[in-house]
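Q: Enclosed is the structure file query26.cif (mmCIF, C-alpha atoms; chains and numbers go by the auth columns).
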data_entry
loop_
_atom_site.group_PDB
_atom_site.id
_atom_site.type_symbol
_atom_site.label_atom_id
_atom_site.label_comp_id
_atom_site.label_asym_id
_atom_site.label_seq_id
_atom_site.Cartn_x
_atom_site.Cartn_y
_atom_site.Cartn_z
_atom_site.B_iso_or_equiv
_atom_site.auth_seq_id
_atom_site.auth_asym_id
ATOM 1 C CA MET A 1 -74.747 82.322 -14.897 0.00 1376 A
ATOM 2 C CA LYS A 2 -74.335 85.309 -12.619 0.00 1377 A
ATOM 3 C CA LYS A 3 -76.766 87.996 -13.748 0.00 1378 A
ATOM 4 C CA ASN A 4 -75.604 91.354 -15.058 0.00 1379 A
ATOM 5 C CA LEU A 5 -76.819 93.702 -12.336 0.00 1380 A
ATOM 6 C CA LEU A 6 -76.666 96.747 -14.601 0.00 1381 A
ATOM 7 C CA LYS A 7 -79.667 95.459 -16.506 0.00 1382 A
ATOM 8 C CA SER A 8 -81.671 95.388 -13.280 0.00 1383 A
ATOM 9 C CA VAL A 9 -80.690 98.985 -12.516 0.00 1384 A
ATOM 10 C CA TRP A 10 -81.935 100.109 -15.916 0.00 1385 A
ATOM 11 C CA GLN A 11 -85.099 98.028 -15.696 0.00 1386 A
ATOM 12 C CA ASN A 12 -85.883 99.892 -12.463 0.00 1387 A
ATOM 13 C CA GLY A 13 -85.475 103.217 -14.266 0.00 1388 A
ATOM 14 C CA LYS A 14 -82.305 104.212 -12.430 0.00 1389 A
ATOM 15 C CA VAL A 15 -78.919 105.541 -13.526 0.00 1390 A
ATOM 16 C CA VAL A 16 -75.819 103.335 -13.498 0.00 1391 A
ATOM 17 C CA VAL A 17 -72.909 105.065 -11.751 0.00 1392 A
ATOM 18 C CA ASN A 18 -69.763 103.879 -13.484 0.00 1393 A
ATOM 19 C CA GLY A 19 -66.139 104.270 -12.415 0.00 1394 A
ATOM 20 C CA TRP A 20 -63.112 104.322 -14.681 0.00 1395 A
ATOM 21 C CA LEU A 21 -59.846 102.445 -14.100 0.00 1396 A
ATOM 22 C CA SER A 22 -56.761 103.783 -15.842 0.00 1397 A
ATOM 23 C CA ILE A 23 -54.259 102.758 -13.146 0.00 1398 A
ATOM 24 C CA PRO A 24 -52.812 99.277 -13.840 0.00 1399 A
ATOM 25 C CA SER A 25 -53.215 97.930 -10.318 0.00 1400 A
ATOM 26 C CA GLY A 26 -55.406 95.238 -8.820 0.00 1401 A
ATOM 27 C CA PHE A 27 -55.227 96.914 -5.412 0.00 1402 A
ATOM 28 C CA SER A 28 -56.296 100.268 -6.820 0.00 1403 A
ATOM 29 C CA ALA A 29 -59.180 98.548 -8.603 0.00 1404 A
ATOM 30 C CA GLU A 30 -60.189 96.799 -5.386 0.00 1405 A
ATOM 31 C CA VAL A 31 -60.227 100.114 -3.510 0.00 1406 A
ATOM 32 C CA MET A 32 -62.398 101.664 -6.222 0.00 1407 A
ATOM 33 C CA ALA A 33 -64.727 98.666 -6.187 0.00 1408 A
ATOM 34 C CA HIS A 34 -65.536 99.316 -2.518 0.00 1409 A
ATOM 35 C CA GLN A 35 -66.641 102.929 -3.065 0.00 1410 A
ATOM 36 C CA GLY A 36 -70.246 102.342 -4.132 0.00 1411 A
ATOM 37 C CA TYR A 37 -70.055 102.197 -7.933 0.00 1412 A
ATOM 38 C CA ASP A 38 -72.473 100.057 -9.906 0.00 1413 A
ATOM 39 C CA SER A 39 -69.768 99.181 -12.433 0.00 1414 A
ATOM 40 C CA LEU A 40 -66.094 99.802 -13.132 0.00 1415 A
ATOM 41 C CA THR A 41 -64.596 100.062 -16.608 0.00 1416 A
ATOM 42 C CA VAL A 42 -60.994 99.000 -17.149 0.00 1417 A
ATOM 43 C CA ASP A 43 -59.565 101.354 -19.779 0.00 1418 A
ATOM 44 C CA LEU A 44 -57.317 99.626 -22.295 0.00 1419 A
ATOM 45 C CA GLN A 45 -57.507 102.512 -24.755 0.00 1420 A
ATOM 46 C CA HIS A 46 -56.184 105.564 -22.917 0.00 1421 A
ATOM 47 C CA GLY A 47 -55.470 104.088 -19.500 0.00 1422 A
ATOM 48 C CA MET A 48 -52.089 102.628 -18.568 0.00 1423 A
ATOM 49 C CA GLN A 49 -53.631 99.157 -18.623 0.00 1424 A
ATOM 50 C CA ASP A 50 -52.529 96.130 -20.598 0.00 1425 A
ATOM 51 C CA PHE A 51 -54.295 92.781 -20.708 0.00 1426 A
ATOM 52 C CA GLN A 52 -52.481 91.364 -17.680 0.00 1427 A
ATOM 53 C CA SER A 53 -53.310 94.364 -15.493 0.00 1428 A
ATOM 54 C CA ALA A 54 -56.902 94.297 -16.786 0.00 1429 A
ATOM 55 C CA LEU A 55 -57.166 90.670 -15.654 0.00 1430 A
ATOM 56 C CA GLN A 56 -55.915 91.659 -12.189 0.00 1431 A
ATOM 57 C CA CYS A 57 -58.500 94.445 -12.077 0.00 1432 A
ATOM 58 C CA PHE A 58 -61.295 92.021 -13.003 0.00 1433 A
ATOM 59 C CA GLN A 59 -60.169 89.710 -10.209 0.00 1434 A
ATOM 60 C CA ALA A 60 -60.090 92.589 -7.712 0.00 1435 A
ATOM 61 C CA ILE A 61 -63.548 93.811 -8.719 0.00 1436 A
ATOM 62 C CA SER A 62 -64.816 90.277 -8.140 0.00 1437 A
ATOM 63 C CA THR A 63 -64.433 90.824 -4.381 0.00 1438 A
ATOM 64 C CA THR A 64 -67.609 92.941 -4.653 0.00 1439 A
ATOM 65 C CA THR A 65 -70.922 92.974 -6.506 0.00 1440 A
ATOM 66 C CA VAL A 66 -69.642 95.711 -8.844 0.00 1441 A
ATOM 67 C CA VAL A 67 -69.984 94.793 -12.534 0.00 1442 A
ATOM 68 C CA PRO A 68 -66.659 94.594 -14.433 0.00 1443 A
ATOM 69 C CA LEU A 69 -66.556 96.304 -17.824 0.00 1444 A
ATOM 70 C CA VAL A 70 -63.755 97.071 -20.255 0.00 1445 A
ATOM 71 C CA ARG A 71 -63.009 99.715 -22.853 0.00 1446 A
ATOM 72 C CA VAL A 72 -61.014 98.037 -25.575 0.00 1447 A
ATOM 73 C CA PRO A 73 -58.385 99.950 -27.574 0.00 1448 A
ATOM 74 C CA TRP A 74 -60.139 99.611 -30.924 0.00 1449 A
ATOM 75 C CA LEU A 75 -62.789 97.810 -32.944 0.00 1450 A
ATOM 76 C CA GLU A 76 -60.723 94.649 -33.250 0.00 1451 A
ATOM 77 C CA PRO A 77 -62.006 91.144 -32.506 0.00 1452 A
ATOM 78 C CA SER A 78 -59.146 89.497 -30.636 0.00 1453 A
ATOM 79 C CA ILE A 79 -58.939 91.937 -27.716 0.00 1454 A
ATOM 80 C CA VAL A 80 -62.743 92.055 -27.384 0.00 1455 A
ATOM 81 C CA MET A 81 -62.947 88.271 -27.130 0.00 1456 A
ATOM 82 C CA LYS A 82 -59.920 87.994 -24.850 0.00 1457 A
ATOM 83 C CA CYS A 83 -61.354 90.510 -22.362 0.00 1458 A
ATOM 84 C CA LEU A 84 -64.720 88.753 -22.370 0.00 1459 A
ATOM 85 C CA ASP A 85 -63.006 85.422 -21.708 0.00 1460 A
ATOM 86 C CA ALA A 86 -61.164 87.075 -18.793 0.00 1461 A
ATOM 87 C CA GLY A 87 -64.356 88.256 -17.106 0.00 1462 A
ATOM 88 C CA ALA A 88 -65.601 91.522 -18.574 0.00 1463 A
ATOM 89 C CA TYR A 89 -69.396 91.672 -18.405 0.00 1464 A
ATOM 90 C CA GLY A 90 -69.594 94.398 -21.004 0.00 1465 A
ATOM 91 C CA VAL A 91 -67.448 96.057 -23.650 0.00 1466 A
ATOM 92 C CA VAL A 92 -67.157 99.756 -24.458 0.00 1467 A
ATOM 93 C CA CYS A 93 -65.861 100.089 -28.030 0.00 1468 A
ATOM 94 C CA PRO A 94 -64.284 103.315 -29.374 0.00 1469 A
ATOM 95 C CA LEU A 95 -65.152 105.108 -32.595 0.00 1470 A
ATOM 96 C CA VAL A 96 -68.228 103.273 -33.785 0.00 1471 A
ATOM 97 C CA ASN A 97 -69.206 105.553 -36.658 0.00 1472 A
ATOM 98 C CA THR A 98 -71.531 103.474 -38.843 0.00 1473 A
ATOM 99 C CA ARG A 99 -74.076 100.672 -38.756 0.00 1474 A
ATOM 100 C CA GLN A 100 -71.399 98.403 -40.225 0.00 1475 A
ATOM 101 C CA ASP A 101 -69.045 99.240 -37.336 0.00 1476 A
ATOM 102 C CA ALA A 102 -71.809 98.499 -34.829 0.00 1477 A
ATOM 103 C CA GLU A 103 -72.652 95.183 -36.475 0.00 1478 A
ATOM 104 C CA LYS A 104 -69.010 94.087 -36.396 0.00 1479 A
ATOM 105 C CA PHE A 105 -68.712 95.085 -32.760 0.00 1480 A
ATOM 106 C CA VAL A 106 -71.820 93.174 -31.697 0.00 1481 A
ATOM 107 C CA SER A 107 -70.717 90.102 -33.634 0.00 1482 A
ATOM 108 C CA TYR A 108 -67.407 89.995 -31.731 0.00 1483 A
ATOM 109 C CA CYS A 109 -69.345 89.835 -28.440 0.00 1484 A
ATOM 110 C CA ARG A 110 -71.868 87.129 -29.397 0.00 1485 A
ATOM 111 C CA TYR A 111 -71.367 83.411 -29.937 0.00 1486 A
ATOM 112 C CA PRO A 112 -72.469 81.737 -33.201 0.00 1487 A
ATOM 113 C CA PRO A 113 -74.898 81.568 -34.813 0.00 1488 A
ATOM 114 C CA ILE A 114 -75.689 85.149 -33.724 0.00 1489 A
ATOM 115 C CA GLY A 115 -72.096 86.401 -33.895 0.00 1490 A
ATOM 116 C CA GLU A 116 -68.542 85.248 -34.409 0.00 1491 A
ATOM 117 C CA ARG A 117 -67.114 85.152 -30.896 0.00 1492 A
ATOM 118 C CA SER A 118 -64.745 82.243 -30.493 0.00 1493 A
ATOM 119 C CA TYR A 119 -65.385 79.778 -27.669 0.00 1494 A
ATOM 120 C CA GLY A 120 -62.852 79.800 -24.817 0.00 1495 A
ATOM 121 C CA PRO A 121 -64.385 81.390 -21.700 0.00 1496 A
ATOM 122 C CA ASN A 122 -61.516 80.390 -19.372 0.00 1497 A
ATOM 123 C CA ARG A 123 -61.439 82.669 -16.305 0.00 1498 A
ATOM 124 C CA VAL A 124 -64.947 84.082 -16.787 0.00 1499 A
ATOM 125 C CA MET A 125 -66.464 80.671 -16.023 0.00 1500 A
ATOM 126 C CA LEU A 126 -64.935 80.898 -12.535 0.00 1501 A
ATOM 127 C CA TYR A 127 -66.575 84.293 -12.090 0.00 1502 A
ATOM 128 C CA ALA A 128 -69.875 83.817 -13.910 0.00 1503 A
ATOM 129 C CA GLY A 129 -70.627 80.104 -13.610 0.00 1504 A
ATOM 130 C CA SER A 130 -70.234 76.905 -15.588 0.00 1505 A
ATOM 131 C CA ASP A 131 -73.289 77.683 -17.752 0.00 1506 A
ATOM 132 C CA TYR A 132 -71.713 80.944 -18.951 0.00 1507 A
ATOM 133 C CA ALA A 133 -71.583 80.043 -22.645 0.00 1508 A
ATOM 134 C CA ASP A 134 -75.281 79.145 -22.675 0.00 1509 A
ATOM 135 C CA GLN A 135 -76.397 82.536 -21.344 0.00 1510 A
ATOM 136 C CA ALA A 136 -73.603 84.995 -22.106 0.00 1511 A
ATOM 137 C CA ASP A 137 -75.270 86.480 -25.185 0.00 1512 A
ATOM 138 C CA ALA A 138 -78.174 87.653 -23.005 0.00 1513 A
ATOM 139 C CA GLU A 139 -76.003 89.121 -20.225 0.00 1514 A
ATOM 140 C CA ILE A 140 -72.919 90.676 -21.853 0.00 1515 A
ATOM 141 C CA LEU A 141 -73.381 94.380 -22.628 0.00 1516 A
ATOM 142 C CA THR A 142 -72.325 95.941 -25.927 0.00 1517 A
ATOM 143 C CA ILE A 143 -71.680 99.681 -25.623 0.00 1518 A
ATOM 144 C CA ALA A 144 -70.646 101.661 -28.718 0.00 1519 A
ATOM 145 C CA MET A 145 -68.798 104.945 -28.326 0.00 1520 A
ATOM 146 C CA ILE A 146 -70.114 108.007 -30.150 0.00 1521 A
ATOM 147 C CA GLU A 147 -67.191 110.367 -30.730 0.00 1522 A
ATOM 148 C CA THR A 148 -67.493 111.930 -34.203 0.00 1523 A
ATOM 149 C CA PRO A 149 -69.917 114.005 -36.285 0.00 1524 A
ATOM 150 C CA GLU A 150 -70.233 110.958 -38.562 0.00 1525 A
ATOM 151 C CA ALA A 151 -71.500 108.890 -35.652 0.00 1526 A
ATOM 152 C CA ILE A 152 -73.958 111.638 -34.689 0.00 1527 A
ATOM 153 C CA GLN A 153 -75.238 111.675 -38.262 0.00 1528 A
ATOM 154 C CA ASN A 154 -75.608 107.876 -38.223 0.00 1529 A
ATOM 155 C CA LEU A 155 -77.172 107.593 -34.763 0.00 1530 A
ATOM 156 C CA ASP A 156 -80.414 105.977 -35.863 0.00 1531 A
ATOM 157 C CA ALA A 157 -78.629 103.411 -38.016 0.00 1532 A
ATOM 158 C CA ILE A 158 -76.158 102.580 -35.235 0.00 1533 A
ATOM 159 C CA LEU A 159 -78.847 102.309 -32.563 0.00 1534 A
ATOM 160 C CA ALA A 160 -81.018 100.117 -34.782 0.00 1535 A
ATOM 161 C CA THR A 161 -78.285 97.457 -34.790 0.00 1536 A
ATOM 162 C CA PRO A 162 -79.646 94.198 -33.305 0.00 1537 A
ATOM 163 C CA GLY A 163 -77.786 93.215 -30.144 0.00 1538 A
ATOM 164 C CA LEU A 164 -76.417 96.677 -29.381 0.00 1539 A
ATOM 165 C CA ASP A 165 -77.321 97.607 -25.796 0.00 1540 A
ATOM 166 C CA ALA A 166 -76.061 101.148 -25.354 0.00 1541 A
ATOM 167 C CA VAL A 167 -74.085 104.063 -26.726 0.00 1542 A
ATOM 168 C CA TYR A 168 -71.491 106.060 -24.814 0.00 1543 A
ATOM 169 C CA VAL A 169 -70.525 109.628 -25.652 0.00 1544 A
ATOM 170 C CA GLY A 170 -66.835 110.486 -25.567 0.00 1545 A
ATOM 171 C CA PRO A 171 -67.127 114.272 -25.082 0.00 1546 A
ATOM 172 C CA ALA A 172 -63.440 115.108 -25.477 0.00 1547 A
ATOM 173 C CA ASP A 173 -63.013 113.381 -28.840 0.00 1548 A
ATOM 174 C CA LEU A 174 -66.368 114.683 -30.010 0.00 1549 A
ATOM 175 C CA ALA A 175 -65.264 118.218 -29.109 0.00 1550 A
ATOM 176 C CA LEU A 176 -62.032 117.777 -31.073 0.00 1551 A
ATOM 177 C CA ALA A 177 -63.997 116.492 -34.055 0.00 1552 A
ATOM 178 C CA PHE A 178 -66.120 119.641 -33.909 0.00 1553 A
ATOM 179 C CA GLY A 179 -62.962 121.779 -33.924 0.00 1554 A
ATOM 180 C CA LEU A 180 -63.250 122.633 -30.220 0.00 1555 A
ATOM 181 C CA ARG A 181 -60.975 122.177 -27.239 0.00 1556 A
ATOM 182 C CA PRO A 182 -61.449 118.799 -25.521 0.00 1557 A
ATOM 183 C CA SER A 183 -63.442 118.893 -22.310 0.00 1558 A
ATOM 184 C CA PHE A 184 -65.322 116.490 -20.047 0.00 1559 A
ATOM 185 C CA GLU A 185 -67.714 119.274 -19.038 0.00 1560 A
ATOM 186 C CA PRO A 186 -68.514 121.046 -22.315 0.00 1561 A
ATOM 187 C CA THR A 187 -71.082 123.821 -22.523 0.00 1562 A
ATOM 188 C CA GLU A 188 -70.627 124.729 -26.207 0.00 1563 A
ATOM 189 C CA PRO A 189 -74.109 124.716 -27.779 0.00 1564 A
ATOM 190 C CA ARG A 190 -73.149 122.436 -30.689 0.00 1565 A
ATOM 191 C CA LEU A 191 -71.935 119.755 -28.300 0.00 1566 A
ATOM 192 C CA VAL A 192 -74.893 120.093 -25.953 0.00 1567 A
ATOM 193 C CA GLU A 193 -77.185 119.735 -28.960 0.00 1568 A
ATOM 194 C CA ALA A 194 -75.296 116.586 -29.992 0.00 1569 A
ATOM 195 C CA PHE A 195 -75.666 115.181 -26.476 0.00 1570 A
ATOM 196 C CA GLU A 196 -79.411 115.773 -26.655 0.00 1571 A
ATOM 197 C CA LYS A 197 -79.588 114.037 -30.031 0.00 1572 A
ATOM 198 C CA VAL A 198 -77.897 110.961 -28.582 0.00 1573 A
ATOM 199 C CA VAL A 199 -80.442 110.744 -25.747 0.00 1574 A
ATOM 200 C CA ALA A 200 -83.393 111.218 -28.096 0.00 1575 A
ATOM 201 C CA ALA A 201 -82.132 108.604 -30.556 0.00 1576 A
ATOM 202 C CA ALA A 202 -81.363 106.101 -27.789 0.00 1577 A
ATOM 203 C CA HIS A 203 -84.876 106.486 -26.397 0.00 1578 A
ATOM 204 C CA ARG A 204 -86.385 106.012 -29.864 0.00 1579 A
ATOM 205 C CA HIS A 205 -84.615 102.688 -30.202 0.00 1580 A
ATOM 206 C CA GLY A 206 -84.997 101.489 -26.618 0.00 1581 A
ATOM 207 C CA LYS A 207 -81.256 101.652 -25.936 0.00 1582 A
ATOM 208 C CA ILE A 208 -79.274 103.118 -23.036 0.00 1583 A
ATOM 209 C CA PRO A 209 -77.479 106.473 -23.489 0.00 1584 A
ATOM 210 C CA GLY A 210 -74.180 106.860 -21.625 0.00 1585 A
ATOM 211 C CA ILE A 211 -71.575 109.593 -21.254 0.00 1586 A
ATOM 212 C CA HIS A 212 -68.201 110.346 -19.653 0.00 1587 A
ATOM 213 C CA THR A 213 -68.117 113.426 -17.392 0.00 1588 A
ATOM 214 C CA GLY A 214 -65.547 115.339 -15.403 0.00 1589 A
ATOM 215 C CA SER A 215 -67.432 116.089 -12.194 0.00 1590 A
ATOM 216 C CA GLY A 216 -70.400 115.065 -10.110 0.00 1591 A
ATOM 217 C CA ALA A 217 -72.153 118.348 -10.795 0.00 1592 A
ATOM 218 C CA TYR A 218 -71.887 117.910 -14.563 0.00 1593 A
ATOM 219 C CA ALA A 219 -72.895 114.256 -14.239 0.00 1594 A
ATOM 220 C CA ILE A 220 -76.135 115.336 -12.548 0.00 1595 A
ATOM 221 C CA LYS A 221 -76.864 117.660 -15.496 0.00 1596 A
ATOM 222 C CA MET A 222 -76.386 114.750 -17.869 0.00 1597 A
ATOM 223 C CA ALA A 223 -78.670 112.540 -15.770 0.00 1598 A
ATOM 224 C CA LYS A 224 -81.351 115.220 -15.957 0.00 1599 A
ATOM 225 C CA MET A 225 -80.850 115.305 -19.729 0.00 1600 A
ATOM 226 C CA GLY A 226 -81.656 111.590 -19.819 0.00 1601 A
ATOM 227 C CA TYR A 227 -78.321 109.781 -19.632 0.00 1602 A
ATOM 228 C CA ARG A 228 -78.502 106.509 -17.716 0.00 1603 A
ATOM 229 C CA PHE A 229 -74.918 105.236 -17.773 0.00 1604 A
ATOM 230 C CA ILE A 230 -72.633 107.924 -16.393 0.00 1605 A
ATOM 231 C CA THR A 231 -68.937 107.993 -15.544 0.00 1606 A
ATOM 232 C CA VAL A 232 -67.385 110.675 -13.343 0.00 1607 A
ATOM 233 C CA SER A 233 -63.681 111.250 -14.085 0.00 1608 A
ATOM 234 C CA ASN A 234 -61.254 108.324 -13.586 0.00 1609 A
ATOM 235 C CA ASP A 235 -59.126 106.850 -10.818 0.00 1610 A
ATOM 236 C CA ALA A 236 -55.954 108.736 -11.753 0.00 1611 A
ATOM 237 C CA ARG A 237 -57.672 112.125 -11.877 0.00 1612 A
ATOM 238 C CA LEU A 238 -59.534 111.453 -8.628 0.00 1613 A
ATOM 239 C CA LEU A 239 -56.259 110.484 -6.942 0.00 1614 A
ATOM 240 C CA ALA A 240 -54.530 113.607 -8.248 0.00 1615 A
ATOM 241 C CA SER A 241 -57.413 115.834 -7.163 0.00 1616 A
ATOM 242 C CA ALA A 242 -57.553 114.449 -3.629 0.00 1617 A
ATOM 243 C CA ALA A 243 -53.773 114.561 -3.234 0.00 1618 A
ATOM 244 C CA SER A 244 -53.578 118.111 -4.545 0.00 1619 A
ATOM 245 C CA ALA A 245 -56.349 119.278 -2.216 0.00 1620 A
ATOM 246 C CA GLY A 246 -54.660 117.690 0.806 0.00 1621 A
ATOM 247 C CA VAL A 247 -51.262 119.182 0.020 0.00 1622 A
ATOM 248 C CA LYS A 248 -52.789 122.621 -0.618 0.00 1623 A
ATOM 249 C CA THR A 249 -54.654 122.575 2.704 0.00 1624 A
ATOM 250 C CA LEU A 250 -51.524 121.578 4.602 0.00 1625 A
ATOM 251 C CA ARG A 251 -49.282 124.159 2.899 0.00 1626 A
ATOM 252 C CA GLU A 252 -51.810 126.927 3.494 0.00 1627 A
ATOM 253 C CA GLY A 253 -51.991 125.918 7.156 0.00 1628 A
ATOM 254 C CA LEU A 254 -48.203 125.869 7.486 0.00 1629 A
ATOM 255 C CA ALA A 255 -47.965 129.298 5.890 0.00 1630 A
#
How does this structure look as structure tokens?
A:
Amino acid sequence: MKKNLLKSVWQNGKVVVNGWLSIPSGFSAEVMAHQGYDSLTVDLQHGMQDFQSALQCFQAISTTTVVPLVRVPWLEPSIVMKCLDAGAYGVVCPLVNTRQDAEKFVSYCRYPPIGERSYGPNRVMLYAGSDYADQADAEILTIAMIETPEAIQNLDAILATPGLDAVYVGPADLALAFGLRPSFEPTEPRLVEAFEKVVAAAHRHGKIPGIHTGSGAYAIKMAKMGYRFITVSNDARLLASAASAGVKTLREGLA
């Protein structure tokens, strides 16, 4: 089975630079895959993706060594298993608030007797190799999202879940849950304190802390805080930002 390169990055003490795919296009995904990311996450929760476009994105990413990941819409077994069968090498799961949530999530990603994933690897065997089912449990990443005060309170219980590899902070939803305006670059002390708690708890349990950010500058701050799986923005926002900057420069020049 093709090895999950993200594990090697972490074993070497480095930070995984992750991209985010909300645009439902194989070509867009292929362009992103050639920009130097370690991994790309296809977003089925808030992105404009459906399963068919996610499959096309996985195929496009396969033209590179970038690791394909997916954020599923919810803690629900069928979409987790379907995306794994299609080629995702890791799953980001929203709103994991308790140990019970984490245990369910992990079980959907692992074959029996460890978990309850149904056998049917289909396309992923073309990508990963014919021995996929024998080794998948050791290579597929399980990444639980931390987005609520309840999850912050239950961090140790969540991170102690056998088979859970990482946690991933959703700063916008966490801000909303704290009664604050959503932001991907928050500076409010309560949120910063929560971010620090996630890192400390992840280190206690030997797990990887991850976070979504809005800019490279903020991402560097999070890396210095101890985060080791970091996303900067998403494809749609990066496209809008570059287009806006180009148009502004041209209009100012014409004026």
Q: Point out the residue among A:Leu1629, A:Ile1533, A:Ala1541, A:Val1445 with the least atom-to-atom distance to Gln1475 (chain A), counting only C-alpha atoms.
A: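 Smallest separation from Gln1475 (chain A) among the options: A:Ile1533.
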Q: Suppose you want the space between CA of Ala1598 (chain A) and CA of Ser1403 (chain A); what is it in Å?
A: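 According to the coordinates, CA of Ala1598 (chain A) and CA of Ser1403 (chain A) are separated by 27.0 Å.
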Q: So how many Å separate CA of Leu1450 (chain A) and CA of Val1471 (chain A), to one decimal?
A: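 For CA of Leu1450 (chain A) relative to CA of Val1471 (chain A), the distance reads 7.8 Å.
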Q: Compile the contact shell of Arg1556 (chain A) as a ChimeraX atom specification: residues with an atom at most 12 Å away, counting all atoms listed in the file, same-chain residues fewer than 6 positions apart removed.
A: /A:1546-1550,1562-1563,1566
Q: Given the selection you just returned, output its residues as a file containing C-alpha atoms, formatted as a PDB file, in the coordinates of the input.
A:
ATOM      1  CA  PRO A1546     -67.127 114.272 -25.082  1.00  0.00           C
ATOM      2  CA  ALA A1547     -63.440 115.108 -25.477  1.00  0.00           C
ATOM      3  CA  ASP A1548     -63.013 113.381 -28.840  1.00  0.00           C
ATOM      4  CA  LEU A1549     -66.368 114.683 -30.010  1.00  0.00           C
ATOM      5  CA  ALA A1550     -65.264 118.218 -29.109  1.00  0.00           C
ATOM      6  CA  THR A1562     -71.082 123.821 -22.523  1.00  0.00           C
ATOM      7  CA  GLU A1563     -70.627 124.729 -26.207  1.00  0.00           C
ATOM      8  CA  LEU A1566     -71.935 119.755 -28.300  1.00  0.00           C
TER       9      LEU A1566
END
Q: Counting all atoms listed in the file, figure out which residue out of A:Phe1433, A:Tyr1543, A:Phe1604, A:Trp1395 gets nearest to Ala1503 (chain A).
A: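 Using all atoms listed in the file, Ala1503 (chain A) sits closest to A:Phe1433.
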Q: Given the PyMOL selection byres ((chain A and resi 1537) around 12) and the file above, list the residues it selects as a VMD selection string.
A: chain A and resid 1474 to 1475 1477 to 1482 1485 1489 to 1490 1517 1532 to 1536 1538 to 1541 1580 to 1582
Q: For region 1609-1620 of chain A, which lacks atoms in the input, supply N, CA and C atoms and format the output as a tab-separated table (two decimals), in the coordinates of the input.
A:
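Heads up, here's the output in rebuild_8.tsv:
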chain	number	residue	atom	x	y	z
A	1609	ASN	N	-61.88	109.64	-13.64
A	1609	ASN	CA	-61.25	108.32	-13.59
A	1609	ASN	C	-60.39	108.23	-12.34
A	1610	ASP	N	-59.86	107.05	-12.06
A	1610	ASP	CA	-59.13	106.85	-10.82
A	1610	ASP	C	-57.90	107.75	-10.70
A	1611	ALA	N	-57.17	107.92	-11.80
A	1611	ALA	CA	-55.95	108.74	-11.75
A	1611	ALA	C	-56.28	110.20	-11.46
A	1612	ARG	N	-57.30	110.73	-12.11
A	1612	ARG	CA	-57.67	112.12	-11.88
A	1612	ARG	C	-58.23	112.32	-10.47
A	1613	LEU	N	-59.00	111.35	-9.99
A	1613	LEU	CA	-59.53	111.45	-8.63
A	1613	LEU	C	-58.40	111.41	-7.60
A	1614	LEU	N	-57.42	110.56	-7.82
A	1614	LEU	CA	-56.26	110.48	-6.94
A	1614	LEU	C	-55.50	111.81	-6.95
A	1615	ALA	N	-55.26	112.35	-8.14
A	1615	ALA	CA	-54.53	113.61	-8.25
A	1615	ALA	C	-55.29	114.74	-7.57
A	1616	SER	N	-56.60	114.77	-7.75
A	1616	SER	CA	-57.41	115.83	-7.16
A	1616	SER	C	-57.38	115.78	-5.64
A	1617	ALA	N	-57.56	114.59	-5.09
A	1617	ALA	CA	-57.55	114.45	-3.63
A	1617	ALA	C	-56.18	114.76	-3.05
A	1618	ALA	N	-55.13	114.29	-3.71
A	1618	ALA	CA	-53.77	114.56	-3.23
A	1618	ALA	C	-53.46	116.05	-3.29
A	1619	SER	N	-53.83	116.68	-4.39
A	1619	SER	CA	-53.58	118.11	-4.54
A	1619	SER	C	-54.31	118.92	-3.48
A	1620	ALA	N	-55.56	118.56	-3.22
A	1620	ALA	CA	-56.35	119.28	-2.22
A	1620	ALA	C	-55.73	119.13	-0.82
